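Novice: File follows, work_5.csv with CSV, C-alpha atoms:
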chain,number,residue,atom,x,y,z
S,105,MET,CA,46.1,42.6,-21.4
S,106,THR,CA,45.4,39.4,-19.5
S,107,PHE,CA,46.6,36.1,-20.8
S,108,ARG,CA,45.5,32.6,-20.1
S,109,ASP,CA,47.9,29.8,-19.3
S,110,ASP,CA,50.4,29.0,-22.0
S,111,SER,CA,49.2,25.4,-22.3
S,112,PHE,CA,45.8,26.7,-23.4
S,113,TYR,CA,47.3,28.5,-26.4
S,114,ILE,CA,49.6,25.7,-27.2
S,115,GLY,CA,46.7,23.3,-27.3
S,116,GLN,CA,44.9,25.6,-29.7
S,117,VAL,CA,47.8,26.0,-32.0
S,118,LEU,CA,48.5,22.2,-32.1
S,119,GLY,CA,44.8,21.8,-32.7
S,120,GLY,CA,45.2,23.8,-35.9
S,121,ASP,CA,44.3,27.3,-34.8
S,122,GLN,CA,47.5,29.1,-35.7
S,123,SER,CA,46.1,32.5,-34.7
S,124,ALA,CA,46.3,31.5,-31.1
S,125,TYR,CA,50.1,31.7,-31.4
S,126,SER,CA,49.8,35.5,-31.5
S,127,ALA,CA,48.8,35.4,-27.8
S,128,LEU,CA,52.0,33.5,-27.0
S,129,VAL,CA,54.0,36.0,-29.0
S,130,ASP,CA,52.4,38.9,-27.3
S,131,LYS,CA,52.9,37.3,-23.9
S,132,HIS,CA,56.6,36.6,-24.2
S,133,LYS,CA,57.9,39.0,-26.9
S,134,GLU,CA,59.3,41.5,-24.4
S,135,MET,CA,61.3,38.9,-22.5
S,136,VAL,CA,62.6,37.2,-25.6
S,137,PHE,CA,63.6,40.7,-27.0
S,138,THR,CA,65.3,41.5,-23.6
S,139,ILE,CA,67.4,38.4,-23.8
S,140,ALA,CA,68.4,39.0,-27.4
S,141,VAL,CA,69.2,42.7,-26.9
S,142,LYS,CA,71.3,42.0,-23.8
S,143,ILE,CA,73.3,39.5,-25.7
S,144,LEU,CA,73.6,41.2,-29.0
S,145,ARG,CA,73.5,44.9,-27.9
S,146,HIS,CA,72.0,45.8,-31.2
S,147,ARG,CA,68.4,46.7,-31.4
S,148,GLU,CA,67.6,45.8,-35.0
S,149,GLU,CA,69.5,42.6,-34.8
S,150,ALA,CA,67.8,41.6,-31.5
S,151,GLU,CA,64.4,42.2,-33.2
S,152,GLU,CA,65.3,39.9,-36.0
S,153,VAL,CA,66.5,37.3,-33.6
S,154,ALA,CA,63.3,37.6,-31.6
S,155,GLN,CA,61.3,36.9,-34.7
S,156,ASP,CA,63.5,34.0,-35.6
S,157,VAL,CA,63.0,32.6,-32.1
S,158,PHE,CA,59.2,32.7,-32.4
S,159,LEU,CA,59.4,31.0,-35.7
S,160,LYS,CA,61.7,28.3,-34.4
S,161,ALA,CA,59.5,27.8,-31.4
S,162,PHE,CA,56.4,27.5,-33.6
S,163,LYS,CA,58.0,24.9,-35.8
S,164,ALA,CA,59.1,22.9,-32.8
S,165,LEU,CA,55.9,23.4,-30.8
S,166,SER,CA,54.7,19.8,-31.2
S,167,SER,CA,57.9,18.6,-29.7
S,168,PHE,CA,57.4,20.7,-26.6
S,169,LYS,CA,56.7,18.1,-24.0
S,170,GLY,CA,55.6,20.3,-21.1
S,171,ASP,CA,58.3,19.0,-18.7
S,172,ALA,CA,59.5,22.5,-18.3
S,173,LYS,CA,57.6,25.7,-18.4
S,174,PHE,CA,56.9,26.9,-22.0
S,175,SER,CA,58.4,30.3,-21.1
S,176,THR,CA,61.7,28.7,-19.9
S,177,TRP,CA,61.8,26.5,-23.0
S,178,LEU,CA,61.2,29.6,-25.2
S,179,TYR,CA,63.8,31.7,-23.4
S,180,ARG,CA,66.3,29.0,-23.8
S,181,ILE,CA,65.8,29.0,-27.5
S,182,ALA,CA,66.1,32.8,-27.4
S,183,TYR,CA,69.3,32.6,-25.4
S,184,ASN,CA,70.9,29.9,-27.7
S,185,THR,CA,69.8,31.8,-30.9
S,186,ALA,CA,71.2,35.1,-29.6
S,187,ILE,CA,74.5,33.5,-28.5
S,188,SER,CA,74.9,31.8,-31.9
S,189,GLN,CA,74.2,35.1,-33.6
S,190,SER,CA,76.7,36.9,-31.4
S,191,ARG,CA,79.4,34.3,-32.0
S,192,ARG,CA,79.1,34.8,-35.7
S,193,LYS,CA,80.0,38.4,-35.2
S,194,LYS,CA,83.0,38.3,-32.9
S,195,PRO,CA,84.4,36.4,-30.0
S,196,VAL,CA,83.0,37.1,-26.6
S,197,PHE,CA,85.4,37.9,-23.8
S,198,SER,CA,83.6,37.6,-20.6
S,199,ALA,CA,86.1,36.8,-17.9
S,200,ILE,CA,85.8,38.7,-14.7
S,201,ASP,CA,88.9,40.1,-13.3
S,202,ASP,CA,88.9,39.2,-9.7
S,203,GLU,CA,91.6,41.7,-8.9
S,204,MET,CA,89.2,44.4,-9.9
S,205,ILE,CA,86.8,43.5,-7.2
S,206,ASP,CA,88.3,45.5,-4.4
S,207,ASN,CA,86.9,46.8,-1.2
S,208,TYR,CA,83.6,48.7,-1.4
S,209,THR,CA,80.8,49.6,0.9
S,210,THR,CA,77.4,49.2,-0.5
S,211,ASP,CA,76.0,51.8,1.9
S,212,ALA,CA,78.5,54.4,0.7
S,213,ILE,CA,77.7,53.7,-2.9
S,214,GLY,CA,74.0,53.6,-2.2
S,215,LYS,CA,74.2,57.0,-0.5
S,216,SER,CA,76.1,58.5,-3.4
S,217,VAL,CA,73.7,57.1,-5.9
S,218,ASN,CA,70.7,58.3,-4.0
S,219,GLU,CA,72.1,61.8,-4.1
S,220,LEU,CA,71.9,61.7,-7.9
S,221,GLY,CA,68.8,62.7,-9.8
S,222,ARG,CA,66.7,60.1,-11.6
S,223,GLU,CA,68.2,60.8,-15.0
S,224,GLU,CA,71.7,60.7,-13.6
S,225,GLN,CA,71.0,57.4,-11.9
S,226,ILE,CA,69.7,55.9,-15.2
S,227,THR,CA,72.8,57.2,-17.0
S,228,ALA,CA,75.1,55.8,-14.3
S,229,VAL,CA,73.4,52.4,-14.4
S,230,ASN,CA,73.4,52.2,-18.2
S,231,LYS,CA,77.0,53.2,-18.4
S,232,VAL,CA,78.1,50.6,-15.9
S,233,MET,CA,75.9,47.8,-17.4
S,234,GLU,CA,77.2,48.6,-20.8
S,235,LYS,CA,80.6,47.7,-19.6
S,236,LEU,CA,79.6,44.3,-18.4
S,237,PRO,CA,80.1,41.4,-20.7
S,238,LYS,CA,76.9,40.4,-22.5
S,239,GLU,CA,76.1,37.3,-20.6
S,240,GLU,CA,76.7,38.9,-17.3
S,241,ASN,CA,74.5,41.8,-18.3
S,242,LEU,CA,71.8,39.3,-19.1
S,243,LEU,CA,72.2,37.4,-15.8
S,244,LEU,CA,71.9,40.6,-13.9
S,245,THR,CA,68.8,41.7,-15.8
S,246,LEU,CA,67.1,38.3,-15.5
S,247,PHE,CA,67.7,38.0,-11.7
S,248,TYR,CA,67.4,41.6,-10.4
S,249,LYS,CA,65.1,43.2,-13.0
S,250,ASN,CA,62.9,40.4,-14.3
S,251,GLU,CA,63.1,38.5,-11.0
S,252,LYS,CA,63.6,35.2,-12.6
S,253,SER,CA,64.5,32.4,-10.2
S,254,ILE,CA,68.0,30.8,-10.1
S,255,GLU,CA,66.4,27.6,-11.4
S,256,ASP,CA,64.8,29.4,-14.4
S,257,ILE,CA,68.1,31.2,-15.2
S,258,SER,CA,69.9,27.9,-15.0
S,259,GLU,CA,67.4,26.4,-17.4
S,260,ILE,CA,67.7,29.3,-19.8
S,261,THR,CA,71.5,29.7,-19.8
S,262,GLY,CA,72.5,26.1,-19.3
S,263,TYR,CA,74.7,27.0,-16.3
S,264,SER,CA,74.3,25.0,-13.2
S,265,GLN,CA,72.4,26.6,-10.4
S,266,SER,CA,75.4,27.0,-8.2
S,267,ASN,CA,77.3,28.5,-11.1
S,268,VAL,CA,74.6,31.0,-11.7
S,269,LYS,CA,74.8,32.0,-8.0
S,270,VAL,CA,78.6,32.3,-8.1
S,271,LYS,CA,78.4,34.4,-11.2
S,272,LEU,CA,75.7,36.6,-9.8
S,273,TYR,CA,77.7,37.2,-6.6
S,274,ARG,CA,80.7,38.2,-8.6
S,275,ILE,CA,78.7,40.3,-11.1
S,276,ARG,CA,77.0,42.1,-8.2
S,277,LYS,CA,80.4,42.9,-6.7
S,278,ARG,CA,81.7,44.1,-10.0
S,279,MET,CA,78.6,46.3,-10.5
S,280,TYR,CA,79.3,48.1,-7.3
S,281,ASP,CA,83.0,48.4,-8.0
S,282,ASP,CA,82.2,49.9,-11.4
S,283,LEU,CA,79.6,52.2,-9.9
S,284,LYS,CA,82.0,53.4,-7.4
S,285,ARG,CA,84.6,54.2,-10.1
S,286,TYR,CA,81.9,55.9,-12.2
S,287,LEU,CA,80.8,58.1,-9.3
S,288,GLU,CA,84.4,59.0,-8.4
S,289,LYS,CA,85.1,59.9,-12.0
S,290,ALA,CA,81.9,62.0,-12.2
S,291,GLU,CA,82.8,63.7,-9.0
S,292,GLU,CA,86.3,64.5,-10.3
S,293,GLN,CA,84.8,66.0,-13.4
S,294,HIS,CA,82.4,68.2,-11.5
S,295,GLY,CA,84.9,69.1,-8.9
O,200,MET,CA,63.8,33.6,-2.6
O,201,ASP,CA,65.4,30.8,-0.7
O,202,LYS,CA,67.8,31.3,2.2
O,203,ASN,CA,70.8,30.2,0.2
O,204,ASN,CA,70.5,33.3,-2.0
O,205,THR,CA,71.1,35.8,0.8
O,206,HIS,CA,74.6,36.6,-0.6
O,207,ILE,CA,73.1,37.7,-3.9
O,208,GLU,CA,69.8,39.3,-2.8
O,209,ASP,CA,70.0,43.0,-3.2
O,210,ASP,CA,67.0,45.2,-3.2
O,211,PHE,CA,69.0,48.3,-3.9
O,212,LEU,CA,70.5,46.8,-7.0
O,213,LYS,CA,67.2,45.5,-8.0
O,214,LYS,CA,65.7,49.0,-7.8
O,215,LEU,CA,68.7,50.5,-9.6
O,216,ILE,CA,68.7,48.1,-12.5
O,217,SER,CA,64.9,48.5,-12.9
O,218,LEU,CA,65.3,52.3,-13.5
O,219,PRO,CA,66.4,52.3,-17.2
O,220,GLU,CA,63.4,51.7,-19.5
O,221,ASP,CA,63.9,48.7,-21.8
O,222,GLU,CA,63.8,49.4,-25.5
O,223,LYS,CA,60.3,48.4,-26.7
O,224,LEU,CA,59.5,46.3,-29.7
O,225,PRO,CA,57.6,48.0,-32.4
O,226,ASP,CA,53.8,47.5,-32.4
O,227,ASN,CA,53.9,45.5,-35.6
O,228,PHE,CA,56.2,42.9,-34.1
O,229,THR,CA,53.5,40.3,-33.5
O,230,PRO,CA,51.8,40.7,-36.9
O,231,LYS,CA,55.2,40.4,-38.5
O,232,VAL,CA,55.9,37.1,-36.7
O,233,MET,CA,52.4,35.8,-37.5
O,234,ALA,CA,52.9,36.7,-41.2
O,235,GLY,CA,55.9,34.4,-41.3
O,236,LEU,CA,54.0,31.5,-39.9
O,237,PRO,CA,51.6,30.3,-42.7
O,238,LYS,CA,54.6,29.5,-44.8
O,239,VAL,CA,55.7,26.8,-42.3
O,240,ALA,CA,53.8,23.9,-41.0
O,241,ILE,CA,54.2,22.6,-37.5
O,242,ALA,CA,56.6,19.7,-37.6
O,243,PRO,CA,55.1,16.4,-36.7
O,244,VAL,CA,56.0,15.0,-33.4
O,245,GLU,CA,59.4,13.5,-33.8
O,246,ALA,CA,59.5,9.7,-33.7
O,247,LYS,CA,60.9,8.4,-30.5
O,248,ASN,CA,64.4,6.9,-30.7
O,249,LYS,CA,64.0,3.9,-32.9
O,250,ILE,CA,65.8,1.6,-30.4
O,251,ASP,CA,64.5,2.1,-27.0
O,252,LEU,CA,67.3,1.7,-24.4
O,253,ARG,CA,64.9,-0.2,-22.2
O,254,ILE,CA,64.4,-2.8,-24.9
O,255,ILE,CA,68.2,-3.0,-25.3
O,256,GLY,CA,68.4,-3.6,-21.6
O,257,LEU,CA,65.8,-6.3,-21.7
O,258,ILE,CA,67.4,-8.0,-24.6
O,259,ALA,CA,70.8,-7.8,-22.8
O,260,ALA,CA,69.3,-9.2,-19.6
O,261,VAL,CA,67.6,-12.1,-21.4
O,262,SER,CA,70.8,-12.8,-23.4
O,263,ILE,CA,73.0,-12.8,-20.4
O,264,THR,CA,70.6,-15.2,-18.5
O,265,ALA,CA,70.3,-17.5,-21.5
O,266,ILE,CA,74.1,-17.6,-22.0
O,267,PHE,CA,74.5,-18.3,-18.3
O,268,ILE,CA,72.0,-21.1,-18.3
O,269,PHE,CA,73.3,-22.6,-21.5
O,270,PHE,CA,76.9,-22.8,-20.3
O,271,ASN,CA,76.1,-23.9,-16.7
O,272,PHE,CA,73.4,-26.6,-17.1
O,273,ASP,CA,73.1,-29.8,-18.9
O,274,PHE,CA,70.2,-29.7,-21.3
O,275,SER,CA,70.8,-33.1,-22.8
O,276,GLY,CA,68.2,-34.5,-20.3
O,277,ILE,CA,65.5,-32.6,-22.0
O,278,PHE,CA,66.3,-34.1,-25.4
O,279,LYS,CA,66.6,-37.5,-23.8
O,280,ALA,CA,63.2,-37.1,-22.3
O,281,ALA,CA,61.8,-36.1,-25.6
O,282,ALA,CA,63.2,-39.1,-27.3
O,283,GLU,CA,61.9,-41.4,-24.6
O,284,THR,CA,58.4,-40.0,-24.4
O,285,SER,CA,57.7,-39.7,-28.1
O,286,GLU,CA,58.9,-43.1,-29.3
O,287,ASN,CA,55.7,-45.1,-28.8
O,288,ASN,CA,53.0,-42.7,-27.5
O,289,PRO,CA,52.8,-39.1,-28.9
O,290,VAL,CA,50.6,-38.1,-26.0
O,291,LYS,CA,53.6,-38.5,-23.8
O,292,TYR,CA,55.0,-35.4,-25.5
O,293,LEU,CA,53.3,-33.6,-22.6
O,294,ASN,CA,55.9,-35.1,-20.3
O,295,LEU,CA,58.4,-33.0,-22.2
O,296,LEU,CA,56.9,-29.8,-20.8
O,297,THR,CA,57.3,-31.1,-17.2
O,298,SER,CA,60.8,-32.1,-18.1
O,299,ILE,CA,61.6,-28.6,-19.4
O,300,SER,CA,60.1,-26.8,-16.4
O,301,LYS,CA,62.0,-29.2,-14.1
O,302,SER,CA,65.3,-28.4,-15.9
O,303,PHE,CA,64.6,-24.7,-15.5
O,304,SER,CA,63.7,-24.9,-11.9
O,305,ASP,CA,66.8,-27.0,-11.2
O,306,GLY,CA,68.9,-24.6,-13.2
O,307,PHE,CA,67.6,-21.5,-11.4
O,308,SER,CA,67.9,-23.1,-8.0
O,309,GLU,CA,71.6,-23.4,-8.6
O,310,ILE,CA,72.2,-19.8,-9.4
O,311,LYS,CA,74.6,-18.4,-6.9
O,312,ILE,CA,76.5,-15.2,-6.7
O,313,THR,CA,79.1,-15.8,-9.3
O,314,SER,CA,81.1,-13.4,-11.5
O,315,ILE,CA,78.5,-13.9,-14.2
O,316,THR,CA,75.5,-13.0,-12.0
O,317,ILE,CA,77.4,-9.9,-10.7
O,318,THR,CA,78.2,-9.0,-14.3
O,319,ALA,CA,74.5,-9.4,-15.2
O,320,VAL,CA,73.4,-7.3,-12.3
O,321,ILE,CA,76.0,-4.6,-13.0
O,322,SER,CA,75.0,-4.6,-16.7
O,323,LEU,CA,71.3,-4.1,-15.8
O,324,VAL,CA,72.0,-1.4,-13.3
O,325,SER,CA,74.3,0.4,-15.8
O,326,LEU,CA,71.7,0.1,-18.5
O,327,TYR,CA,69.0,1.5,-16.2
O,328,PHE,CA,71.1,4.6,-15.4
O,329,ALA,CA,72.3,4.9,-19.0
O,330,ASP,CA,68.7,5.0,-20.1
O,331,LYS,CA,67.9,7.8,-17.6
O,332,TYR,CA,71.0,9.7,-18.6
O,333,PHE,CA,70.4,9.5,-22.4
O,334,LYS,CA,66.8,10.5,-21.9
O,335,ARG,CA,67.9,13.6,-20.0
O,336,TRP,CA,70.6,14.3,-22.5
O,337,PHE,CA,68.2,14.0,-25.4
O,338,ASN,CA,65.7,16.4,-23.8
O,339,HIS,CA,68.4,18.9,-23.0
O,340,ASN,CA,69.9,18.8,-26.5
O,341,HIS,CA,66.5,19.3,-28.0
O,342,THR,CA,66.5,23.0,-27.1
O,343,GLU,CA,70.3,23.2,-27.5
O,344,ALA,CA,69.8,22.5,-31.2
O,345,PHE,CA,68.1,25.8,-31.8
Can you give me the file's structure in the form of structure tokens?
Specialist:
Amino acid sequence: MTFRDDSFYIGQVLGGDQSAYSALVDKHKEMVFTIAVKILRHREEAEEVAQDVFLKAFKALSSFKGDAKFSTWLYRIAYNTAISQSRRKKPVFSAIDDEMIDNYTTDAIGKSVNELGREEQITAVNKVMEKLPKEENLLLTLFYKNEKSIEDISEITGYSQSNVKVKLYRIRKRMYDDLKRYLEKAEEQHG
Amino acid sequence: MDKNNTHIEDDFLKKLISLPEDEKLPDNFTPKVMAGLPKVAIAPVEAKNKIDLRIIGLIAAVSITAIFIFFNFDFSGIFKAAAETSENNPVKYLNLLTSISKSFSDGFSEIKITSITITAVISLVSLYFADKYFKRWFNHNHTEAF
């Protein structure tokens, strides 16, 4: 499905055509859901939050000034709503243990991962990502999977651009470290 | 990607993380959202801050200038001029305007870099930056509130 520019639909909605909002929902629902599910780690809850996000965005649409991209504005609402929801449940511990980031060689891990079958690779990645704190999991997804720019991630999360870079650098290291551990453990079990 | 991101760029990781399929939303997600919309009306555009910081700045600048002039120059000459010109011939009231403009031009010609002028300049600059900061802060918090 091809979509027109967000501003087109926003103009229509503000002009009284509420049905135009469905195009905005269709266009951005997956990303909003991804943000919610990465933070909440609960499918049903993430779906509810995604609905709530679109409702909030609709109510506040007239105050959207167009200084930032609509998508970034919407994703920031999604991020804040999901974070608020997750805080209601339990505290988030997201500190990265620097000691854990030990020596690793990306090539060695890459080689080991490439030797795995696709399903095994998916399981490995899922297992490792599940262990990451929620916000780090989201940062990783936004940058490496959704290919969001540092600037966009900074706008969405509220972290400064340099902070996002530092976090990504450390998360990437941690990811490799955890992958290495996972692969070693798997090898031990097989051996 | 810009050059400063080389330490975080990683095609291997990119490929790896893209492997797991995301959980999909149900097909009826959009209709469910849309069904919730008619119950709410789009909020009218929020009124701007009632007191514009630029207006506050302007008022402050005018006040500082007025106070400065009031305490530094003798205005009794104006009233004297008014008394002299209005006594016999009301048309001479016009001279009052000349007298006022002369007093002002005299007054401003004597403005030097004093602590008061420095204070005024600093106040204006501060107000300008405060205006910028509060605008930014207001825009940021607008999404924060959700």
Novice: Please build the interface table for chain S against chain O with a cut-off of 6 Å, listing for each qualifying residue the nearest atom pair and the distance in Å to one decimal; count all atoms listed in the file, order rows by chain and increasing number, and write it as JSON lines.
Specialist:
{"residue": "S:Gln155", "atom": "CA", "partner": "O:Val232", "partner_atom": "CA", "distance": 5.8}
{"residue": "S:Lys163", "atom": "CA", "partner": "O:Ile241", "partner_atom": "CA", "distance": 4.8}
{"residue": "S:Ser166", "atom": "CA", "partner": "O:Val244", "partner_atom": "CA", "distance": 5.4}
{"residue": "S:Ser167", "atom": "CA", "partner": "O:Val244", "partner_atom": "CA", "distance": 5.5}
{"residue": "S:Ile181", "atom": "CA", "partner": "O:Phe345", "partner_atom": "CA", "distance": 5.8}
{"residue": "S:Ile226", "atom": "CA", "partner": "O:Pro219", "partner_atom": "CA", "distance": 5.3}
{"residue": "S:Tyr248", "atom": "CA", "partner": "O:Lys213", "partner_atom": "CA", "distance": 4.6}
{"residue": "S:Lys249", "atom": "CA", "partner": "O:Ser217", "partner_atom": "CA", "distance": 5.3}
{"residue": "S:Tyr273", "atom": "CA", "partner": "O:Ile207", "partner_atom": "CA", "distance": 5.4}
Novice: Could you work out how far CA of Asp256 (chain S) lies from CA of Tyr179 (chain S), giving the answer in Å with one decimal?
Specialist: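 Between CA of Tyr179 (chain S) and CA of Asp256 (chain S) the gap is 9.3 Å.
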Novice: Mind pulling up the distance from CA of Asn184 (chain S) to CA of Arg335 (chain O)?
Specialist: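 Value for the CA of Arg335 (chain O)-CA of Asn184 (chain S) distance: 18.3 Å.
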Novice: So that I can see what lies close to Glu288 (chain S), please list as an MDAnalysis selection string the residues with an atom at most 12 Å from it, counting only C-alpha atoms and leaving out residues fewer than 3 positions away in the same chain.
Specialist: chainID S and resid 212:213 216:217 228 281:285 291:295
Novice: For a test of reading the model, state the distance in Å between CA of Thr245 (chain S) and CA of Asp171 (chain S), rounded to one decimal.
Specialist: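 Going from CA of Thr245 (chain S) over to CA of Asp171 (chain S), I get 25.2 Å.
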Novice: For Val141 (chain S), which residue out of S:Glu224, S:Glu219, S:Asp109, S:Glu239 is the nearest one, using only C-alpha atoms?
Specialist: S:Glu239
